[in-house]
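Shown below: target_13.txt, with compact mmCIF, C-alpha atoms and all ligand atoms.
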# COMPACT_ATOMS: atom_id res chain seq x y z
CA MET P 284 -72.01 119.68 20.43
CA GLN P 285 -73.07 119.05 16.83
CA GLY P 286 -76.54 120.32 16.01
CA ALA P 287 -78.93 118.07 14.12
CA GLN P 288 -78.73 120.36 11.11
CA ASP P 289 -74.95 119.91 10.93
CA ARG P 290 -75.22 116.20 10.56
CA GLN P 291 -75.60 114.58 7.23
CA ALA P 292 -75.06 111.33 5.45
CA THR P 293 -71.94 111.68 3.35
CA GLN P 294 -70.56 109.32 0.80
CA SER P 295 -67.37 109.15 -1.19
CA SER P 296 -67.63 109.80 -4.91
CA ALA P 297 -66.41 106.23 -5.48
CA SER P 298 -69.29 104.71 -3.49
CA PRO P 299 -72.26 103.14 -5.21
CA ALA P 300 -75.31 105.40 -5.13
CA MET P 301 -77.58 105.15 -2.12
CA THR P 302 -81.04 106.51 -2.66
CA PRO P 303 -81.95 109.68 -0.73
CA TRP P 304 -84.82 107.73 0.84
CA LEU P 305 -82.45 105.06 2.14
CA GLU P 306 -79.99 107.68 3.40
CA SER P 307 -82.72 109.47 5.27
CA GLN P 308 -84.05 106.23 6.79
CA ILE P 309 -80.64 105.25 8.12
CA GLN P 310 -79.89 108.78 9.35
CA LYS P 311 -83.25 108.93 11.11
CA VAL P 312 -82.51 105.76 13.10
CA ILE P 313 -79.15 107.18 14.17
CA ASP P 314 -80.68 110.56 15.08
CA ASP P 315 -83.41 108.85 17.10
CA ILE P 316 -80.86 106.79 19.05
CA TYR P 317 -78.77 109.89 19.69
CA TYR P 318 -81.72 111.89 21.07
CA LYS P 319 -83.05 108.92 23.05
CA TYR P 320 -79.83 108.66 25.10
CA LYS P 321 -78.42 112.19 24.83
CA ASP P 322 -79.41 113.16 28.40
CA VAL P 323 -78.50 109.91 30.17
CA GLU P 324 -76.06 110.74 32.97
CA ASP P 325 -75.38 107.29 34.42
CA GLY P 326 -71.79 106.19 34.95
CA VAL P 327 -68.57 108.01 35.76
CA VAL P 328 -65.61 109.26 33.75
CA ALA P 329 -62.40 107.27 34.39
CA THR P 330 -59.90 109.07 36.60
CA TYR P 331 -57.33 106.37 37.44
CA ILE P 332 -55.36 107.86 34.55
CA PRO P 333 -55.70 111.45 35.84
CA GLU P 334 -55.68 113.09 32.41
CA LEU P 335 -58.73 111.03 31.32
CA GLY P 336 -60.71 112.76 34.09
CA LYS P 337 -60.66 115.96 32.00
CA ALA P 338 -63.05 114.45 29.41
CA ASN P 339 -66.35 116.27 28.90
CA PRO P 340 -68.99 113.90 30.37
CA LYS P 341 -71.64 115.38 28.09
CA HIS P 342 -69.92 114.28 24.91
CA PHE P 343 -71.88 111.66 22.98
CA GLY P 344 -71.14 110.74 19.39
CA ILE P 345 -72.20 108.04 16.96
CA CYS P 346 -70.81 107.14 13.54
CA LEU P 347 -71.67 104.32 11.17
CA THR P 348 -69.61 103.71 8.01
CA THR P 349 -70.48 101.15 5.37
CA VAL P 350 -67.87 99.18 3.44
CA GLU P 351 -68.89 101.25 0.39
CA GLY P 352 -67.86 104.42 2.23
CA HIS P 353 -71.26 105.84 3.21
CA VAL P 354 -70.92 107.72 6.50
CA PHE P 355 -73.73 108.53 8.96
CA THR P 356 -73.08 110.61 12.06
CA ALA P 357 -74.75 112.10 15.11
CA GLY P 358 -73.71 114.28 18.04
CA ASP P 359 -70.07 114.75 18.99
CA TYR P 360 -68.73 112.39 16.37
CA GLU P 361 -65.69 114.60 15.81
CA ALA P 362 -64.74 114.98 19.49
CA GLU P 363 -61.32 113.43 20.05
CA PHE P 364 -60.34 111.01 22.80
CA THR P 365 -57.54 108.50 23.29
CA ILE P 366 -58.12 105.05 21.87
CA GLN P 367 -57.04 103.24 25.08
CA SER P 368 -57.98 99.54 25.01
CA MET P 369 -59.51 99.87 21.55
CA SER P 370 -55.88 99.79 20.37
CA LYS P 371 -55.58 96.16 21.48
CA PRO P 372 -57.21 94.43 18.49
CA PHE P 373 -54.98 96.42 16.10
CA ALA P 374 -51.84 95.55 18.04
CA PHE P 375 -52.89 91.87 18.00
CA GLN P 376 -53.38 92.10 14.21
CA MET P 377 -49.88 93.62 13.86
CA ALA P 378 -48.32 90.84 15.96
CA LEU P 379 -50.05 88.20 13.82
CA GLU P 380 -48.86 89.92 10.65
CA LYS P 381 -45.29 90.21 11.98
CA HIS P 382 -44.83 86.83 13.68
CA GLY P 383 -47.67 84.60 12.46
CA PRO P 384 -50.20 82.81 14.70
CA HIS P 385 -47.88 80.08 15.96
CA LYS P 386 -45.35 82.39 17.60
CA THR P 387 -47.92 85.01 18.65
CA LEU P 388 -50.05 82.43 20.44
CA GLN P 389 -47.06 81.21 22.42
CA HIS P 390 -47.26 84.58 24.19
CA VAL P 391 -51.00 85.04 24.60
CA GLY P 392 -54.08 82.81 24.78
CA LEU P 393 -57.51 83.07 23.16
CA GLU P 394 -59.76 82.44 26.14
CA PRO P 395 -62.06 84.91 27.92
CA SER P 396 -60.81 85.58 31.42
CA GLY P 397 -64.09 86.60 33.03
CA GLU P 398 -61.94 89.00 35.05
CA ALA P 399 -61.46 92.77 34.99
CA PHE P 400 -59.29 94.19 32.20
CA ASN P 401 -56.45 95.06 34.59
CA SER P 402 -56.38 91.80 36.50
CA ILE P 403 -52.85 90.83 37.57
CA GLU P 404 -52.98 87.18 36.62
CA LEU P 405 -52.09 84.61 33.99
CA ASP P 406 -54.08 81.59 32.82
CA PRO P 407 -53.06 78.94 35.41
CA ARG P 408 -53.39 76.18 32.79
CA THR P 409 -51.06 77.73 30.21
CA GLY P 410 -48.98 80.33 32.05
CA ARG P 411 -49.93 82.88 29.37
CA PRO P 412 -52.20 85.92 29.59
CA PHE P 413 -55.78 84.80 28.92
CA ASN P 414 -56.21 86.82 25.71
CA PRO P 415 -54.85 89.91 23.89
CA MET P 416 -57.74 92.16 25.01
CA VAL P 417 -56.86 92.22 28.73
CA ASN P 418 -53.94 94.40 29.80
CA ALA P 419 -51.63 91.42 30.47
CA GLY P 420 -52.20 90.08 26.95
CA ALA P 421 -51.86 93.52 25.38
CA ILE P 422 -48.53 94.14 27.14
CA ALA P 423 -47.30 90.75 25.88
CA ILE P 424 -48.39 91.77 22.36
CA ALA P 425 -46.74 95.21 22.73
CA SER P 426 -43.51 93.41 23.58
CA LEU P 427 -43.83 91.41 20.34
CA ILE P 428 -44.34 94.47 18.10
CA LYS P 429 -41.95 96.89 19.80
CA GLN P 430 -38.87 97.86 17.82
CA SER P 431 -35.47 99.31 18.48
CA PRO P 432 -35.38 102.25 18.73
CA ILE P 433 -38.69 102.31 20.60
CA GLU P 434 -39.92 105.27 18.49
CA ALA P 435 -39.88 103.07 15.38
CA GLY P 436 -42.38 100.58 16.82
CA ILE P 437 -44.62 103.39 18.07
CA SER P 438 -44.52 105.13 14.66
CA ALA P 439 -45.35 101.86 12.89
CA PHE P 440 -48.40 101.48 15.13
CA VAL P 441 -49.62 105.07 14.65
CA GLU P 442 -49.06 104.72 10.91
CA LYS P 443 -51.12 101.49 10.77
CA LEU P 444 -54.00 103.10 12.66
CA SER P 445 -53.80 106.19 10.45
CA ARG P 446 -54.20 104.08 7.34
CA ALA P 447 -57.17 102.28 8.93
CA ALA P 448 -58.77 105.62 9.85
CA GLY P 449 -57.96 107.21 6.50
CA ARG P 450 -56.32 110.26 8.05
CA HIS P 451 -53.15 111.14 9.92
CA LEU P 452 -53.47 110.29 13.64
CA SER P 453 -51.20 111.37 16.48
CA ILE P 454 -50.46 110.69 20.13
CA ASP P 455 -51.93 112.70 23.01
CA HIS P 456 -48.72 113.37 24.94
CA SER P 457 -50.54 114.60 28.06
CA VAL P 458 -52.47 111.32 28.38
CA LEU P 459 -49.31 109.35 27.59
CA ALA P 460 -47.37 111.19 30.32
CA SER P 461 -50.26 110.76 32.76
CA GLU P 462 -50.46 106.99 32.23
CA THR P 463 -46.68 106.57 32.21
CA GLU P 464 -46.53 108.32 35.57
CA THR P 465 -49.38 106.46 37.24
CA GLY P 466 -49.41 103.06 35.51
CA ASN P 467 -47.93 101.02 38.34
CA ARG P 468 -50.50 98.27 37.96
CA ASN P 469 -49.41 97.75 34.35
CA ARG P 470 -45.77 97.82 35.48
CA ALA P 471 -46.62 95.03 37.95
CA ILE P 472 -48.19 93.07 35.07
CA GLY P 473 -45.08 93.70 32.94
CA TYR P 474 -42.79 92.21 35.57
CA LEU P 475 -45.18 89.29 36.13
CA LEU P 476 -44.87 88.59 32.38
CA LEU P 477 -41.06 88.80 32.54
CA ASN P 478 -41.02 86.43 35.51
CA ALA P 479 -43.23 83.95 33.59
CA GLY P 480 -40.96 84.08 30.54
CA ILE P 481 -43.71 85.59 28.35
CA ILE P 482 -41.80 88.78 27.48
CA ASP P 483 -38.12 89.60 27.18
CA GLU P 484 -36.21 91.69 29.72
CA GLN P 485 -37.05 94.95 27.93
CA VAL P 486 -40.06 95.42 30.19
CA GLN P 487 -39.89 99.22 30.17
CA GLN P 488 -39.86 99.29 26.36
CA ALA P 489 -42.88 96.95 26.19
CA LEU P 490 -44.74 99.27 28.58
CA ASP P 491 -43.68 102.38 26.63
CA GLN P 492 -45.01 100.77 23.46
CA TYR P 493 -48.27 99.79 25.20
CA PHE P 494 -48.86 103.21 26.81
CA ALA P 495 -48.19 104.96 23.48
CA GLN P 496 -50.60 102.63 21.68
CA CYS P 497 -53.32 103.53 24.20
CA SER P 498 -52.67 107.28 23.74
CA VAL P 499 -53.48 107.60 20.02
CA LEU P 500 -56.14 110.28 19.49
CA VAL P 501 -59.24 109.26 17.54
CA ASN P 502 -62.87 110.28 17.09
CA CYS P 503 -66.03 108.25 16.37
CA ARG P 504 -65.55 108.68 12.65
CA ASP P 505 -62.04 107.23 12.85
CA LEU P 506 -63.30 104.26 14.87
CA ALA P 507 -66.12 103.60 12.39
CA PHE P 508 -63.67 103.72 9.47
CA MET P 509 -61.19 101.45 11.26
CA ALA P 510 -64.02 99.00 11.95
CA ALA P 511 -65.29 99.28 8.36
CA THR P 512 -61.75 98.55 7.15
CA MET P 513 -61.84 95.33 9.18
CA ALA P 514 -65.30 94.56 7.80
CA ASN P 515 -64.07 95.24 4.25
CA ILE P 516 -61.50 92.37 4.20
CA GLY P 517 -58.80 94.75 5.45
CA ASN P 518 -59.28 97.42 2.75
CA HIS P 519 -60.14 101.00 3.63
CA PRO P 520 -63.61 101.84 2.24
CA THR P 521 -62.64 105.10 0.55
CA THR P 522 -58.86 105.17 0.11
CA GLY P 523 -58.96 101.58 -1.17
CA GLN P 524 -55.63 100.93 0.59
CA ASN P 525 -55.05 97.45 1.95
CA VAL P 526 -54.39 97.97 5.66
CA PHE P 527 -54.84 94.56 7.26
CA ASP P 528 -53.83 91.11 6.05
CA PHE P 529 -57.29 89.56 5.89
CA GLN P 530 -56.15 86.05 6.86
CA PHE P 531 -55.57 87.26 10.44
CA LEU P 532 -58.72 89.34 10.82
CA LYS P 533 -60.69 86.23 11.76
CA TYR P 534 -58.45 85.75 14.80
CA VAL P 535 -58.85 89.39 15.80
CA MET P 536 -62.61 89.57 15.32
CA ALA P 537 -63.19 86.22 17.02
CA VAL P 538 -61.30 87.40 20.12
CA MET P 539 -63.14 90.73 20.02
CA PHE P 540 -66.40 88.78 19.95
CA SER P 541 -65.56 86.65 22.98
CA CYS P 542 -63.40 89.07 25.01
CA GLY P 543 -63.84 92.63 23.67
CA LEU P 544 -66.09 93.90 26.46
CA TYR P 545 -64.24 92.16 29.31
CA ASP P 546 -66.47 90.82 32.05
CA TYR P 547 -69.49 92.11 30.10
CA ALA P 548 -68.52 90.12 26.98
CA GLY P 549 -71.17 87.42 27.44
CA ASN P 550 -74.01 89.90 27.86
CA TRP P 551 -72.70 91.92 24.92
CA ALA P 552 -72.63 88.80 22.72
CA VAL P 553 -76.30 88.18 23.47
CA GLU P 554 -77.54 91.78 23.41
CA VAL P 555 -75.49 93.23 20.54
CA GLY P 556 -73.91 90.15 18.97
CA LEU P 557 -70.98 91.82 17.19
CA PRO P 558 -67.19 91.70 17.50
CA ALA P 559 -66.36 94.92 19.34
CA LYS P 560 -63.87 96.60 21.62
CA SER P 561 -64.31 99.18 24.35
CA GLY P 562 -61.83 101.55 25.98
CA VAL P 563 -61.78 103.45 29.29
CA SER P 564 -61.85 106.75 27.43
CA GLY P 565 -65.49 105.88 26.61
CA GLY P 566 -65.30 104.66 23.03
CA ILE P 567 -66.60 101.40 21.59
CA PHE P 568 -66.18 100.17 18.04
CA GLY P 569 -68.02 97.27 16.47
CA VAL P 570 -67.66 95.37 13.21
CA VAL P 571 -70.44 93.97 11.05
CA ASN P 572 -68.42 91.65 8.86
CA ARG P 573 -68.58 92.53 5.13
CA GLN P 574 -71.08 95.32 5.86
CA LEU P 575 -70.09 98.20 8.12
CA GLY P 576 -68.24 99.66 11.08
CA ILE P 577 -69.66 101.42 14.12
CA GLY P 578 -67.89 103.97 16.37
CA VAL P 579 -69.55 105.43 19.48
CA TYR P 580 -68.22 107.69 22.21
CA SER P 581 -69.50 108.74 25.62
CA PRO P 582 -66.98 108.99 28.48
CA ARG P 583 -69.20 107.97 31.40
CA LEU P 584 -68.39 104.33 32.22
CA ASP P 585 -70.14 101.49 34.03
CA ALA P 586 -68.56 99.28 36.69
CA GLN P 587 -66.86 97.11 34.03
CA GLY P 588 -65.17 100.14 32.44
CA ASN P 589 -67.45 100.21 29.38
CA SER P 590 -69.26 103.31 28.07
CA VAL P 591 -72.83 103.44 29.41
CA ARG P 592 -74.39 105.35 26.50
CA GLY P 593 -72.06 103.56 24.09
CA ILE P 594 -73.56 100.20 25.05
CA MET P 595 -77.10 101.61 24.86
CA ALA P 596 -76.49 103.04 21.39
CA CYS P 597 -74.91 99.82 20.09
CA ARG P 598 -77.79 97.73 21.44
CA ASP P 599 -80.29 99.91 19.59
CA LEU P 600 -78.25 100.05 16.37
CA ALA P 601 -77.99 96.25 16.34
CA SER P 602 -81.68 95.83 16.97
CA HIS P 603 -82.92 98.50 14.50
CA PHE P 604 -80.69 97.39 11.65
CA GLY P 605 -80.74 93.64 12.40
CA LEU P 606 -76.97 93.52 12.89
CA HIS P 607 -76.68 90.76 15.51
CA THR P 608 -74.50 87.98 14.10
CA PHE P 609 -77.04 85.30 15.03
CA ASP P 610 -80.24 87.23 14.40
CA PHE P 611 -82.24 85.54 11.69
CA SER P 612 -85.67 86.59 12.80
CA ASN P 613 -85.48 89.94 11.04
CA VAL P 614 -84.12 89.30 7.56
CA GLY P 615 -86.59 91.77 6.09
CA SER P 616 -85.19 94.60 8.14
CA SER P 617 -81.52 93.67 8.06
CA PHE P 618 -79.07 96.30 6.95
CA MET P 619 -77.86 94.02 4.16
CA GLN P 620 -81.40 93.73 2.87
CA TRP P 621 -81.75 97.52 2.81
CA LEU P 622 -78.62 97.91 0.75
CA LEU P 623 -79.55 95.33 -1.89
O1 LIG J 701 -53.92 100.07 30.56
C1 LIG J 701 -54.89 100.75 30.88
O2 LIG J 701 -55.38 100.66 32.00
C2 LIG J 701 -55.45 101.71 29.87
N1 LIG J 701 -54.42 102.30 29.09
C3 LIG J 701 -56.43 101.03 28.95
C4 LIG J 701 -57.52 100.29 29.68
C5 LIG J 701 -58.81 100.23 28.94
O3 LIG J 701 -59.10 100.99 28.05
C6 LIG J 701 -59.80 99.25 29.44
N2 LIG J 701 -61.06 99.38 28.73
N3 LIG J 701 -62.17 99.41 29.05
Please rewrite the model in this file as C-alpha cells.
Ligand code: DON
Amino acid sequence: MQGAQDRQATQSSASPAMTPWLESQIQKVIDDIYYKYKDVEDGVVATYIPELGKANPKHFGICLTTVEGHVFTAGDYEAEFTIQSMSKPFAFQMALEKHGPHKTLQHVGLEPSGEAFNSIELDPRTGRPFNPMVNAGAIAIASLIKQSPIEAGISAFVEKLSRAAGRHLSIDHSVLASETETGNRNRAIGYLLLNAGIIDEQVQQALDQYFAQCSVLVNCRDLAFMAATMANIGNHPTTGQNVFDFQFLKYVMAVMFSCGLYDYAGNWAVEVGLPAKSGVSGGIFGVVNRQLGIGVYSPRLDAQGNSVRGIMACRDLASHFGLHTFDFSNVGSSFMQWLL
C-alpha cells in the first residue's frame, strides 16, 4: 500500500505550469476521498474467472491525469490488474478505425440492454448484440478486429493500449488461461453470434482475441492516461502521439456514457455523469472530455459487477471537481475553472 508521503502530484516537463497551491488543492481532494473509503469492505472479489479471485481485496487506488499531463495519485495506484471489460471501448474504437461505422454497426447496436454484462441474448428487433460494452457485442467486435495469424490481432490490440497508456503493456497469461478454461458462457455467446450470422465461422479465434483483450495488465495510472488520451482528442498527454482517430471517439464515449456500467448505467449517468467503463477485475475509468482522465481500482464488486469503492470514489471526484457532464450549478468550482 502506498503511504501518503509517497504520493505526489507529478507533471511532465512539457506541461504548462500548475501553481503549487492548485496542485495541493487537487491532491488534497484525492487524498480525502482515498481515506474516506479506504476501509470500506462491502462487495466481493470476482471468482467466476478463478484467477481473478487471487486479487488483494484491500487494494484501492485512484489516479487523475489532465490532458496537459498533470498526474495525481492515491493509494495502490500502481497495483496491476487485468483490464477485463475496460478493454471493450478500445476494441470498439479499433473496429471503427478499421472498418468504419457503417460496417461495424452491422455487427453491433448502440442501445443499452438493461441486462447483465454476460447476458446470452441479442436485440430481438435487430438480431445484433445490444451494444459493444456487453460481452456479446464485445465478442462481435473481437471477431471484426482479429487477424490471421491470431497473434497479430492480439499484438495490435496490446500495442494500441500501450500507446494509450504511454508505456509497454503485456498480457497476464495466468488470467488468460483461467478465462480460456472456464469461459463457457462466452463460448455459448460466440456460437449464438455465429448462428445469427453476426460473426464468421472462426468462433474460437474471436474468443481467443476477446479473452486476450480482457487479460491485458494495467494499473490506475495507465487507465487514467488512456482516458486522458481519449479526452485529449486521441493524443497522449505526454508522449504527444496520436493514438485514436478522434472522429470515432464520439461513438465510443457516447456508448460508454449510456452502457459503460451495464445495468447501473442509468444511475451512474445521474450520479457521476461521465462516459466510463468498469471491469470485473475492479477497475473503472472515466473521461472528462477535453479535460482529464480518471482511473480507479478496488476489486470488491457489487451485484452488477462494478467496483464498490470505485463507484464511491468517482461519485466524490465528480462532485468535488464539478465534473458531471450536465452539472451547471457549480461553475465556480469546476475543474476547468480551476485550471484557467
Ligand atoms: O467476459 C468476461 O466475463 C470477462 N472477461 C469480462 C467481464 C467484465 O469485466 C464485466 N465487467 N464488469
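Closest approach to His342 in chain P among P:Ala362, P:Ala357, P:Val327, P:Met513: P:Ala362, based on only C-alpha atoms.
Here the question is which of P:Leu475, P:Val526, P:Leu584, P:Leu606 gets nearest to Leu444 in chain P using only C-alpha atoms, and that residue is P:Val526.
Using only C-alpha atoms, the shortest contact distance between Ser564 in chain P and any of P:Gln488, P:Ser498, P:Gln389, P:Ser602 is found at P:Ser498.
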Shell of 7 Å around ligand LIG 701 (chain J) (all atoms listed in the file), written as an MDAnalysis selection string: chainID P and resid 367:369 400:401 418 462 469 494 497 561:564 588:589
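In this model, the gap between CA of Lys560 in chain P and CA of Thr349 in chain P comes to 18.1 Å.
Nearest to Ala495 in chain P of all the residues P:Thr521, P:Thr365, P:Asn478, P:Ser307 is P:Thr365, counting all atoms listed in the file.
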Long-range neighbours of Pro372 in chain P as a PyMOL selection string, 12 Å cut-off, all atoms listed in the file, 2 positions minimum in chain: chain P and resi 366-370+374-379+414-418+420-421+424-425+440+444+496-497+509-510+513+527+531-540+542-544+558-562+568-570
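Distance annotation: of P:Ser581, P:Ser426, P:Asn515, P:Asn550, the residue with the minimal separation from Ile481 in chain P is P:Ser426; atom set is only C-alpha atoms.
For the pair CA of Asp610 in chain P and CA of Val553 in chain P, the separation is 9.9 Å.
Here CA of Glu484 in chain P stands at a distance of 17.0 Å from CA of Val391 in chain P.
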Kindly list the centre and edge lengths in Å, rounded to one decimal, for the axis-aligned box that covers all listed atoms of range 602-612 of chain P plus 3 Å on each of its six sides, as lines of an AutoDock Vina configuration file.
center_x = -80.1
center_y = 91.9
center_z = 14.3
size_x = 17.2
size_y = 19.2
size_z = 11.3
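Using all atoms listed in the file, the protein and nucleic acid residues lying no more than 10 Å from Asp483 in chain P, apart from those fewer than 6 places from it along its own chain, are Ala423, Ser426, Leu427, Gly473, Tyr474, Leu476, Leu477 and Ala489 of chain P.
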